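Below is coords33.tsv, holding TSV, C-alpha atoms.
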chain	number	residue	atom	x	y	z
A	195	MET	CA	-17.30	-22.75	18.45
A	196	ASP	CA	-15.86	-25.49	20.67
A	197	SER	CA	-15.85	-27.96	17.78
A	198	ALA	CA	-14.06	-25.41	15.59
A	199	VAL	CA	-11.37	-24.93	18.24
A	200	ALA	CA	-11.01	-28.71	18.56
A	201	VAL	CA	-10.61	-29.14	14.79
A	202	VAL	CA	-7.95	-26.43	14.62
A	203	ALA	CA	-6.07	-27.91	17.60
A	204	VAL	CA	-6.13	-31.46	16.22
A	205	THR	CA	-5.00	-30.26	12.78
A	206	LEU	CA	-2.12	-28.26	14.25
A	207	MET	CA	-1.02	-31.21	16.40
A	208	ALA	CA	-1.20	-33.68	13.50
A	209	TYR	CA	0.75	-31.39	11.19
A	210	ALA	CA	3.39	-30.77	13.86
A	211	LEU	CA	4.08	-34.53	13.92
A	212	VAL	CA	4.86	-34.72	10.19
A	213	ASP	CA	6.00	-31.18	9.36
A	214	ARG	CA	9.60	-32.09	8.63
A	215	ARG	CA	8.63	-35.14	6.61
A	216	LEU	CA	6.17	-33.18	4.44
A	217	ARG	CA	8.87	-30.64	3.55
A	218	GLN	CA	10.36	-33.31	1.29
A	219	THR	CA	7.10	-33.64	-0.64
A	220	PRO	CA	4.99	-31.29	-2.80
A	221	ILE	CA	2.36	-31.18	-0.02
A	222	SER	CA	2.52	-27.78	1.69
A	223	GLY	CA	1.14	-26.76	5.05
A	224	ALA	CA	-1.37	-24.48	3.35
A	225	LEU	CA	-2.76	-27.44	1.40
A	226	VAL	CA	-3.06	-29.59	4.54
A	227	PHE	CA	-4.80	-26.91	6.61
A	228	THR	CA	-7.20	-25.92	3.82
A	229	ALA	CA	-8.10	-29.58	3.22
A	230	ALA	CA	-8.74	-30.06	6.94
A	231	GLY	CA	-11.02	-27.04	6.93
A	232	LEU	CA	-12.95	-28.33	3.91
A	233	LEU	CA	-13.48	-31.71	5.57
A	234	ALA	CA	-14.66	-30.05	8.79
A	235	SER	CA	-16.94	-27.57	7.01
A	236	GLU	CA	-20.68	-27.34	7.57
A	237	GLN	CA	-21.30	-28.87	4.14
A	238	VAL	CA	-19.14	-31.96	4.85
A	239	ALA	CA	-18.66	-32.98	8.50
A	240	GLY	CA	-20.55	-30.07	10.04
A	241	LEU	CA	-17.87	-29.38	12.66
A	242	ILE	CA	-17.17	-25.76	11.65
A	243	THR	CA	-20.26	-23.75	10.75
A	244	SER	CA	-20.53	-20.36	9.10
A	245	SER	CA	-21.56	-18.86	12.46
A	246	VAL	CA	-17.94	-19.10	13.61
A	247	GLY	CA	-17.32	-15.90	11.63
A	248	GLY	CA	-19.39	-13.97	14.14
A	249	HIS	CA	-17.12	-14.68	17.10
A	250	GLY	CA	-14.52	-12.00	16.39
A	251	VAL	CA	-12.69	-14.29	13.97
A	252	GLY	CA	-12.44	-11.51	11.39
A	253	ALA	CA	-10.59	-9.22	13.79
A	254	VAL	CA	-8.19	-12.03	14.73
A	255	LEU	CA	-7.46	-12.78	11.07
A	256	GLU	CA	-6.84	-9.09	10.32
A	257	LEU	CA	-4.42	-8.81	13.22
A	258	THR	CA	-2.71	-11.99	12.06
A	259	LEU	CA	-2.24	-10.47	8.61
A	260	ALA	CA	-0.77	-7.33	10.17
A	261	ILE	CA	1.76	-9.41	12.13
A	262	VAL	CA	2.61	-11.43	9.01
A	263	LEU	CA	3.23	-8.25	7.02
A	264	PHE	CA	5.35	-6.84	9.84
A	265	THR	CA	7.53	-9.94	10.25
A	266	ASP	CA	7.95	-10.49	6.50
A	267	ALA	CA	9.00	-6.88	5.94
A	268	MET	CA	11.31	-6.89	8.95
A	269	GLY	CA	12.97	-10.12	7.86
A	270	ALA	CA	13.60	-8.70	4.41
A	271	GLY	CA	14.96	-5.49	5.94
A	272	LEU	CA	17.38	-7.43	8.13
A	273	GLY	CA	18.93	-9.28	5.21
A	274	PRO	CA	21.73	-7.79	3.08
A	275	TRP	CA	19.81	-8.82	-0.03
A	276	ALA	CA	20.48	-5.62	-1.92
A	277	THR	CA	24.24	-6.23	-1.84
A	278	GLU	CA	24.05	-10.01	-2.39
A	279	SER	CA	22.31	-9.92	-5.71
A	280	PRO	CA	20.25	-7.58	-7.88
A	281	LEU	CA	17.78	-10.40	-8.58
A	282	PRO	CA	15.34	-9.54	-5.74
A	283	GLY	CA	15.43	-5.91	-6.84
A	284	ARG	CA	14.55	-6.86	-10.41
A	285	LEU	CA	11.73	-9.11	-9.21
A	286	LEU	CA	10.21	-6.33	-7.10
A	287	GLY	CA	11.11	-3.26	-9.16
A	288	ILE	CA	10.48	-4.61	-12.66
A	289	GLY	CA	8.72	-7.96	-12.52
A	290	PHE	CA	6.11	-7.01	-9.94
A	291	PRO	CA	4.82	-3.82	-11.66
A	292	LEU	CA	4.82	-5.65	-15.01
A	293	THR	CA	2.76	-8.46	-13.44
A	294	ILE	CA	0.15	-5.92	-12.35
A	295	ALA	CA	0.16	-4.25	-15.76
A	296	VAL	CA	-0.21	-7.53	-17.68
A	297	GLY	CA	-2.88	-8.69	-15.24
A	298	TRP	CA	-4.73	-5.42	-15.79
A	299	VAL	CA	-4.77	-5.97	-19.56
A	300	LEU	CA	-5.83	-9.61	-19.25
A	301	ALA	CA	-8.57	-8.81	-16.70
A	302	SER	CA	-9.99	-6.16	-19.03
A	303	ALA	CA	-9.97	-8.61	-21.95
A	304	LEU	CA	-11.35	-11.63	-20.08
A	305	PHE	CA	-13.94	-9.75	-18.04
A	306	PRO	CA	-15.25	-6.94	-20.27
A	307	ARG	CA	-18.00	-6.09	-17.80
A	308	LEU	CA	-15.43	-4.91	-15.28
A	309	GLY	CA	-14.67	-1.22	-15.19
A	310	LEU	CA	-11.20	0.09	-15.87
A	311	TRP	CA	-10.25	0.38	-12.20
A	312	GLU	CA	-12.03	-2.83	-11.22
A	313	ALA	CA	-9.79	-4.70	-13.65
A	314	ALA	CA	-6.76	-2.94	-12.18
A	315	LEU	CA	-7.90	-3.89	-8.68
A	316	LEU	CA	-8.22	-7.55	-9.66
A	317	ALA	CA	-4.72	-7.48	-11.14
A	318	ALA	CA	-3.21	-5.90	-8.02
A	319	ILE	CA	-4.91	-8.44	-5.74
A	320	LEU	CA	-3.64	-11.41	-7.75
A	321	ALA	CA	-0.11	-10.13	-8.38
A	322	PRO	CA	1.59	-10.93	-5.04
A	323	THR	CA	2.82	-14.45	-4.41
A	324	ASP	CA	2.14	-16.03	-1.02
A	325	SER	CA	5.35	-17.04	0.74
A	326	ALA	CA	3.40	-19.65	2.74
A	327	LEU	CA	2.43	-21.38	-0.51
A	328	GLY	CA	5.98	-21.14	-1.82
A	329	LEU	CA	7.70	-22.67	1.21
A	330	PRO	CA	8.24	-26.09	-0.44
A	331	VAL	CA	10.32	-24.35	-3.13
A	332	ILE	CA	12.11	-21.99	-0.74
A	333	ASN	CA	13.04	-24.85	1.60
A	334	ASN	CA	14.04	-27.24	-1.19
A	335	GLN	CA	17.83	-27.62	-1.07
A	336	ARG	CA	17.88	-28.77	-4.70
A	337	VAL	CA	16.83	-25.27	-5.80
A	338	PRO	CA	19.87	-22.97	-6.23
A	339	PRO	CA	20.42	-20.76	-3.13
A	340	LEU	CA	20.26	-17.58	-5.22
A	341	ILE	CA	16.77	-18.46	-6.49
A	342	ARG	CA	15.51	-19.54	-3.07
A	343	HIS	CA	16.85	-16.37	-1.47
A	344	ALA	CA	15.35	-14.12	-4.15
A	345	LEU	CA	11.93	-15.81	-3.88
A	346	ASN	CA	12.04	-15.52	-0.10
A	347	VAL	CA	12.76	-11.79	-0.22
A	348	GLU	CA	10.19	-11.19	-2.96
A	349	GLY	CA	7.57	-13.14	-1.03
A	350	GLY	CA	8.25	-11.06	2.07
A	351	LEU	CA	7.95	-7.67	0.41
A	352	ASN	CA	5.48	-8.00	-2.46
A	353	ASP	CA	2.40	-8.07	-0.22
A	354	GLY	CA	3.32	-4.70	1.25
A	355	LEU	CA	4.16	-3.27	-2.16
A	356	ALA	CA	0.79	-4.42	-3.48
A	357	LEU	CA	-1.18	-2.75	-0.69
A	358	PRO	CA	-0.90	0.83	-2.07
A	359	PHE	CA	-2.04	-0.36	-5.52
A	360	VAL	CA	-4.98	-2.28	-4.04
A	361	THR	CA	-5.99	0.65	-1.83
A	362	ILE	CA	-5.90	3.27	-4.58
A	363	PHE	CA	-7.47	1.07	-7.27
A	364	LEU	CA	-10.30	0.20	-4.86
A	365	ALA	CA	-10.96	3.88	-4.17
A	366	LEU	CA	-10.91	4.70	-7.89
A	367	ALA	CA	-13.26	1.77	-8.63
A	368	GLN	CA	-15.70	3.08	-6.00
A	369	GLU	CA	-15.62	6.50	-7.64
A	370	GLU	CA	-16.10	4.86	-11.05
A	371	GLU	CA	-19.18	2.97	-9.80
A	372	LYS	CA	-20.51	6.13	-8.11
A	373	THR	CA	-20.50	4.37	-4.71
A	374	ALA	CA	-18.20	7.06	-3.33
A	375	GLY	CA	-18.09	10.81	-3.82
A	376	ARG	CA	-15.62	12.70	-5.96
A	377	GLY	CA	-12.33	13.16	-4.18
A	378	HIS	CA	-12.68	9.84	-2.35
A	379	ALA	CA	-9.50	8.48	-3.95
A	380	VAL	CA	-7.50	11.52	-2.79
A	381	SER	CA	-8.82	11.12	0.75
A	382	VAL	CA	-7.93	7.43	0.75
A	383	PHE	CA	-4.47	8.19	-0.60
A	384	LEU	CA	-3.79	10.69	2.19
A	385	ARG	CA	-5.15	8.51	5.01
A	386	ALA	CA	-4.22	5.01	3.87
A	387	LEU	CA	-0.87	5.70	2.25
A	388	VAL	CA	0.59	8.94	3.55
A	389	ALA	CA	-0.73	9.02	7.13
A	390	SER	CA	-0.64	5.24	7.69
A	391	GLY	CA	2.82	4.98	6.16
A	392	ALA	CA	4.06	7.80	8.40
A	393	ILE	CA	2.62	6.06	11.48
A	394	GLY	CA	4.37	2.83	10.51
A	395	VAL	CA	7.70	4.52	9.83
A	396	ALA	CA	7.58	6.44	13.12
A	397	LEU	CA	6.67	3.41	15.23
A	398	GLY	CA	9.08	1.08	13.44
A	399	ALA	CA	11.98	3.48	13.85
A	400	GLY	CA	11.08	4.44	17.41
A	401	GLY	CA	10.53	0.84	18.51
A	402	ALA	CA	13.75	-0.45	16.94
A	403	LEU	CA	15.86	2.37	18.36
A	404	ALA	CA	14.34	1.99	21.82
A	405	LEU	CA	14.93	-1.76	21.80
A	406	ARG	CA	18.50	-1.40	20.59
A	407	TRP	CA	19.19	1.21	23.29
A	408	SER	CA	17.74	-1.09	25.96
A	409	MET	CA	19.65	-4.14	24.69
A	410	ASN	CA	22.95	-2.27	24.72
A	411	ARG	CA	22.43	-1.61	28.43
A	412	GLY	CA	21.30	-5.13	29.19
A	413	TRP	CA	17.88	-3.97	30.39
A	414	SER	CA	15.70	-6.27	28.27
A	415	SER	CA	15.55	-10.04	27.85
A	416	ARG	CA	14.99	-11.83	24.55
A	417	PRO	CA	11.40	-13.01	25.24
A	418	TRP	CA	10.28	-9.46	26.00
A	419	GLN	CA	12.15	-8.11	22.99
A	420	SER	CA	9.95	-10.42	20.92
A	421	VAL	CA	6.86	-9.18	22.76
A	422	ALA	CA	7.92	-5.60	21.99
A	423	LEU	CA	8.08	-6.40	18.27
A	424	LEU	CA	4.58	-7.90	18.38
A	425	ALA	CA	3.37	-4.82	20.27
A	426	THR	CA	4.93	-2.53	17.64
A	427	ALA	CA	3.09	-4.31	14.83
A	428	THR	CA	-0.19	-4.28	16.75
A	429	LEU	CA	0.12	-0.61	17.72
A	430	ALA	CA	0.90	0.45	14.15
A	431	TYR	CA	-2.16	-1.44	12.91
A	432	ALA	CA	-4.44	-0.01	15.64
A	433	LEU	CA	-3.36	3.62	15.28
A	434	ALA	CA	-3.76	3.60	11.50
A	435	ASP	CA	-7.17	1.98	11.88
A	436	LEU	CA	-8.21	4.74	14.30
A	437	ILE	CA	-7.79	7.35	11.57
A	438	ASP	CA	-9.60	5.14	9.02
A	439	GLY	CA	-6.30	4.49	7.34
A	440	SER	CA	-4.69	1.17	6.43
A	441	GLY	CA	-3.43	-0.78	9.41
A	442	PHE	CA	-1.80	-3.24	7.03
A	443	ILE	CA	0.29	-0.58	5.32
A	444	ALA	CA	1.28	0.83	8.72
A	445	ALA	CA	2.33	-2.61	10.01
A	446	TRP	CA	4.32	-3.37	6.86
A	447	ALA	CA	6.09	0.00	6.92
A	448	ALA	CA	6.88	-0.44	10.63
A	449	GLY	CA	8.44	-3.84	10.00
A	450	LEU	CA	10.48	-2.67	7.03
A	451	VAL	CA	11.92	0.35	8.87
A	452	ALA	CA	12.56	-1.66	12.05
A	453	GLY	CA	14.47	-4.24	10.02
A	454	LEU	CA	16.57	-1.61	8.26
A	455	ILE	CA	17.46	0.12	11.54
A	456	ALA	CA	17.98	-2.94	13.71
A	457	ARG	CA	20.05	-4.86	11.18
A	458	GLU	CA	21.13	-8.09	12.92
A	459	SER	CA	20.65	-6.90	16.51
A	460	LEU	CA	17.00	-8.01	16.62
A	461	ALA	CA	17.34	-11.13	14.46
A	462	ALA	CA	16.97	-13.51	17.43
A	463	ALA	CA	13.99	-11.59	18.81
A	464	GLN	CA	12.10	-12.16	15.57
A	465	GLN	CA	11.66	-15.87	16.13
A	466	MET	CA	8.61	-15.65	18.38
A	467	PRO	CA	6.78	-13.11	16.16
A	468	ARG	CA	7.49	-15.40	13.19
A	469	ASP	CA	6.08	-18.37	15.10
A	470	VAL	CA	2.97	-16.38	16.06
A	471	ALA	CA	2.54	-15.30	12.44
A	472	GLN	CA	2.95	-18.89	11.21
A	473	LEU	CA	0.40	-20.14	13.73
A	474	GLY	CA	-2.06	-17.45	12.69
A	475	VAL	CA	-1.61	-18.25	9.01
A	476	SER	CA	-2.18	-21.95	9.64
A	477	VAL	CA	-5.42	-21.26	11.53
A	478	SER	CA	-6.48	-18.88	8.76
A	479	PHE	CA	-6.14	-21.62	6.14
A	480	VAL	CA	-8.27	-24.00	8.23
A	481	LEU	CA	-11.00	-21.35	8.54
A	482	PHE	CA	-10.70	-20.49	4.85
A	483	GLY	CA	-11.26	-24.13	3.92
A	484	ALA	CA	-14.17	-24.43	6.33
A	485	LEU	CA	-15.97	-21.31	5.11
A	486	PHE	CA	-15.10	-21.60	1.42
A	487	LEU	CA	-18.05	-23.80	0.48
A	488	ALA	CA	-20.45	-21.52	2.35
A	489	ALA	CA	-19.33	-18.42	0.43

Can I see the file as C-alpha cells?
Amino acid sequence: MDSAVAVVAVTLMAYALVDRRLRQTPISGALVFTAAGLLASEQVAGLITSSVGGHGVGAVLELTLAIVLFTDAMGAGLGPWATESPLPGRLLGIGFPLTIAVGWVLASALFPRLGLWEAALLAAILAPTDSALGLPVINNQRVPPLIRHALNVEGGLNDGLALPFVTIFLALAQEEEKTAGRGHAVSVFLRALVASGAIGVALGAGGALALRWSMNRGWSSRPWQSVALLATATLAYALADLIDGSGFIAAWAAGLVAGLIARESLAAAQQMPRDVAQLGVSVSFVLFGALFLAA
C-alpha cells in the first residue's frame, strides 16, 4: 500500500511540473496517469499489486465519481449554454440518444450471443464521452469557441444522462438472464431513478438556497462554501445508497439543480470541488492502469 501511495504521489508531482506544457501536445493527463499505472503494475515493476483494491479503494473511487458527476452537472447548470447556442442541446437531445440506439444495433450485430438488453446496456455504457479524455480538444485555442463550449457542456452532462439508461438496461438484462425476479426492473426504476433523483433534487435545491441565503448575509467564507458543495454531493450519494438507490444519479441531480438555482453566485466556490474531482480522477487513472493487466 505504501508503494502504491508513493507511485501516485510521484506521478502527480511529475505531471504538475509539465501540465501546462503538455496541454500544447496530444498527450493528455489521462494517458500519462494510465501509463504510470501500467509501469507500476504487479506485472511490470511490481509496485502496485492487485491487493490494493482491498483497502477501501473501491469506495474512494465511487465517491470520486459522485463528486465528478456533481461538479460537472453544476458547472453545466451555471452556464447560460441554452441561450448561447442550440448546439449543446442538439448534442444531448438528439445526438446522444441516437448514439445509444446505433450502438445498440451494432452491439446486437457484432455480439450475437448478447441478449437484447445486454446489447442495450453495452451501448449505454459506451455512449458518453469522457471530458477528462477530451480536455486537449476543449483547451485547444485553435478549435472554434462554439465547438469547445458545446463539447465541454456535453461532456459535463452526458454521464448523468446515461445513468438512467445504464440502470434500467442492467435491471432488464438481469430479468432477461433470470438472475433477478420479475418486477426487478420496476423496483430499480423507482429506487434508482425516482427516489434517488428526488433526493438529489431536494438536496441540491436546499443546499444552494441555504448557501445563497448565508452568502447574502456575509455569514460564510469561500473555503467553507466549497466544503458545503462537497458535503452536498457526498450526502446525496450516501442517502441514495442507503435506500439501495443510485448515489451517482442523486449526486448528478443535486449538482444540476444547485447550478440552475445558484447561477453565478457559487461559481467561485466550485473551484475547490473541481480540484478535488480532478485529483480523484487522476488517481483513478493510475489505479486503472495498475490493475488493468490483472483483470

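Reported to one decimal place, the separation of atom CA of A:Ala367 from atom CA of A:Trp311 is 4.9 Å.
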
Problem set entry | Point-to-point distance from atom CA of A:Pro358 to atom CA of A:Val388, Å rounded to tenths |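 Pair atom CA of A:Pro358 / atom CA of A:Val388 returns 10.0 Å.
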
Exercise. For A:Arg457, which residue out of A:Ala402, A:Ala430, A:Leu397, A:Leu257 is the nearest one, using only C-alpha atoms?
Worked result: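 Going through A:Ala402, A:Ala430, A:Leu397, A:Leu257 one by one, the smallest distance to A:Arg457 is for A:Ala402.
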
For this session: Within 9 Å of A:Leu310, counting only C-alpha atoms, which residues show up once you throw out same-chain ones fewer than 2 positions away? Write them as a PyMOL selection string, please.
Result: chain A and resi 298+302+308+312-315+367+370

Export, as a PDB file, in the frame of the given file, the selected residues with C-alpha atoms.
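Listed below is the output, out06.pdb:
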ATOM      1  CA  TRP A 298      -4.730  -5.420 -15.790  1.00  0.00           C
ATOM      2  CA  SER A 302      -9.990  -6.160 -19.030  1.00  0.00           C
ATOM      3  CA  LEU A 308     -15.430  -4.910 -15.280  1.00  0.00           C
ATOM      4  CA  GLU A 312     -12.030  -2.830 -11.220  1.00  0.00           C
ATOM      5  CA  ALA A 313      -9.790  -4.700 -13.650  1.00  0.00           C
ATOM      6  CA  ALA A 314      -6.760  -2.940 -12.180  1.00  0.00           C
ATOM      7  CA  LEU A 315      -7.900  -3.890  -8.680  1.00  0.00           C
ATOM      8  CA  ALA A 367     -13.260   1.770  -8.630  1.00  0.00           C
ATOM      9  CA  GLU A 370     -16.100   4.860 -11.050  1.00  0.00           C
TER      10      GLU A 370
END

Problem set entry | Distance criterion (only C-alpha atoms): nearest to A:Gln472 out of A:Gly449, A:Gly223, A:Gly231, A:Pro306 | A:Gly223

Exercise. Any idea what's packed within 7 Å of stretch 238-243 of chain A, counting all atoms listed in the file, ignoring anything in its chain fewer than 6 positions away? Could you give it as a list in words?
Worked result: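 Listing them by chain and then by number gives Ser197, Ala198 and Ala484 of chain A.
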
Problem set entry | Between atom CA of A:Phe264 and atom CA of A:Arg406 - distance in Å to one decimal | 17.8 Å

With a distance cut-off of 10 Å and only C-alpha atoms, select the neighbouring residues of A:Phe486, excluding the residue or stretch itself and same-chain residues fewer than 3 positions from it, and output the selection as a JSON list (two decimals) with C-alpha atoms, keeping the file's coordinate frame.
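The resulting out_35.json:
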[["chain", "number", "residue", "atom", "x", "y", "z"],
["A", 228, "THR", "CA", -7.20, -25.92, 3.82],
["A", 231, "GLY", "CA", -11.02, -27.04, 6.93],
["A", 232, "LEU", "CA", -12.95, -28.33, 3.91],
["A", 235, "SER", "CA", -16.94, -27.57, 7.01],
["A", 237, "GLN", "CA", -21.30, -28.87, 4.14],
["A", 244, "SER", "CA", -20.53, -20.36, 9.10],
["A", 480, "VAL", "CA", -8.27, -24.00, 8.23],
["A", 481, "LEU", "CA", -11.00, -21.35, 8.54],
["A", 482, "PHE", "CA", -10.70, -20.49, 4.85],
["A", 483, "GLY", "CA", -11.26, -24.13, 3.92],
["A", 489, "ALA", "CA", -19.33, -18.42, 0.43]]

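Each of A:Leu450, A:Val199, A:Leu285, A:Ala301 was checked against A:Val251 using only C-alpha atoms; the smallest atom-to-atom distance is that of A:Val199.
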
Exercise. Closest to A:Thr428 among A:Phe383, A:Trp413, A:Trp446, A:Tyr209, using only C-alpha atoms?
Worked result: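 Looking only at the distances to A:Thr428, the closest residue turns out to be A:Trp446.
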
Problem set entry | Pick from A:Leu286, A:Leu292, A:Leu424, A:Leu429 nearest to A:Val347, counting only C-alpha atoms |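 Result for the nearest residue to A:Val347: A:Leu286.
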
For this session: Tell me, as a PyMOL selection string, which residues lie within 7 Å of A:Thr265, counting all atoms listed in the file; anything in the same chain fewer than 2 positions away does not count.
Result: chain A and resi 261-263+267-269+449+467-468

Exercise. Which one of A:Val299, A:Leu345, A:Ala462, A:Val451 sits closest to A:Gly401 if you count all atoms listed in the file?
Worked result: A:Val451

Exercise. Excluding same-chain residues fewer than 6 positions from A:Leu357, what lies within 9 Å of it counting only C-alpha atoms, as a ChimeraX atom specification?
Worked result: /A:318-319,387,440,442-443
